[in-house]
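Visitor: Dropping a structure here in structure tokens format, bear with me for questions.
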Amino acid sequence: REVWQLPAPHACSEAGQLARIVGLDRHPQLQQQGGFAMAAFGGAERVQRLAGMLEQLRQAGVECIICSRGLVGPIQKLLDQLGLLRYFSEVYGNIGDAYGQMSYDSQVRRSNLGDDVKYLGTRQQSEWGSKRDVMEKLILSRGIRPDEAIFVDDQSHEIKAMHGACRTLQVYPPCGIEQPHMNELLRQVPRRSMGTMPATPGFVSPAGVAPALERRPSRGSGRWPPGSMAAAPEAQRPQQESFLEYAKPTSAGSGPG
């Protein structure tokens, strides 16, 4: 499994990481792999399998939402570069200088970001206390039962904190969703939603959480609610630091969690 160390300069702010991704996309070694996003997510084959799984969940009426300890801007940019952002209705995470600044971050201004400014997160996306809080609010707003929502994460303490709030699926070992986790997530989607769709080739994503909700008719109304939930993995490791902060090794074989 190839491991590649991110080169300096390093960034830990939202704007800094967005700017740094632009530079990393020009790096010869990463260009050979299709850019930073493609390498960080484990390569083209893995991204294709992830897209196939997300499409299958979408067709099954499952809403996928990201809730990450990472920074909203880089999450949204990387997913958009890979054509995956469209599968997620909402993204929750940290914004701005939540993890402080490094020397590179202090040089980046909002005006330097160009079109990437659209990826910067909003207060609404960052004003949450815990992933359980997010899940409970989503379940309430969608008008579904706790057992109709699934929380996916690779951290045992996050899974334990969700006890009693909804169904859970822990990604273990914490190095990215693999085929067994994909199969289990699909298995938990009600058959009536899955219909006769063919078996998925696999679901991969950097580990994390995305509340995913099953769409079901509102009781007695026969109409679909505005969006129900079931969990889909998030776009970054749910760590306190973000993936570009300390230039931790990036595995081209498994993606960032």
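Here, A, B, ... name the chains of the structure tokens in the order displayed, residue numbers run from 1 inside each chain, and ligands are numbered from 1 in the same displayed order.
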Residues at most 12 Å from range 19-26 of chain A, counting only C-alpha atoms, excluding those fewer than 2 positions away in the same chain, as a count of residues only?
Guide: 52
Visitor: Find the residues near Leu169 in chain A: any atom within 9 Å, counting only C-alpha atoms, skip ones fewer than 2 places away on the same chain, and give them as a PyMOL selection string.
Guide: chain A and resi 150-154+159+167+171+181+184-185+231
Visitor: Have a look at A:Val189, A:Leu18, A:Met182, A:Ala165 and name the one nearest to Val62 in chain A; count only C-alpha atoms.
Guide: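 Ranked by minimum distance to Val62 in chain A, first place goes to A:Val189.
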Visitor: Could you give me, as a PyMOL selection string, the residues within 9 Å of Gly93 in chain A, counting only C-alpha atoms and dropping anything in the same chain fewer than 6 positions from it?
Guide: chain A and resi 66-73+75+121+125-128
Visitor: Next, the residues of the selection above should be written as a short mmCIF file (atom, residue, chain, number, x, y, z; two decimals), in the first residue's frame with N, CA and C atoms.
Guide:
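New file again12.cif:
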```cif
data_model
loop_
_atom_site.label_atom_id
_atom_site.label_comp_id
_atom_site.auth_asym_id
_atom_site.auth_seq_id
_atom_site.Cartn_x
_atom_site.Cartn_y
_atom_site.Cartn_z
N ILE A 66 -23.60 14.51 5.67
CA ILE A 66 -22.27 14.42 6.27
C ILE A 66 -22.22 15.20 7.57
N CYS A 67 -21.63 14.60 8.60
CA CYS A 67 -21.35 15.30 9.85
C CYS A 67 -19.92 14.94 10.22
N SER A 68 -19.02 15.91 10.14
CA SER A 68 -17.59 15.63 10.28
C SER A 68 -16.92 16.56 11.28
N ARG A 69 -15.84 16.07 11.90
CA ARG A 69 -14.99 16.92 12.73
C ARG A 69 -14.05 17.74 11.85
N GLY A 70 -14.03 17.43 10.58
CA GLY A 70 -13.16 18.15 9.65
C GLY A 70 -13.75 19.50 9.26
N LEU A 71 -13.13 20.14 8.29
CA LEU A 71 -13.53 21.47 7.84
C LEU A 71 -14.44 21.39 6.62
N VAL A 72 -15.54 22.13 6.67
CA VAL A 72 -16.57 22.06 5.65
C VAL A 72 -16.03 22.37 4.25
N GLY A 73 -15.23 23.43 4.13
CA GLY A 73 -14.74 23.84 2.82
C GLY A 73 -14.00 22.74 2.06
N ILE A 75 -13.99 19.55 2.60
CA ILE A 75 -14.89 18.41 2.39
C ILE A 75 -15.72 18.63 1.12
N GLY A 121 -17.77 26.99 4.52
CA GLY A 121 -18.95 26.64 5.30
C GLY A 121 -19.63 27.85 5.92
N GLN A 125 -23.86 25.46 9.24
CA GLN A 125 -23.22 24.16 9.09
C GLN A 125 -22.30 23.81 10.25
N SER A 126 -21.94 24.80 11.04
CA SER A 126 -20.97 24.57 12.12
C SER A 126 -21.54 24.68 13.53
N GLU A 127 -22.75 25.17 13.66
CA GLU A 127 -23.32 25.38 15.00
C GLU A 127 -24.00 24.11 15.49
N TRP A 128 -23.20 23.17 15.94
CA TRP A 128 -23.73 21.93 16.52
C TRP A 128 -22.75 21.47 17.58
#
```
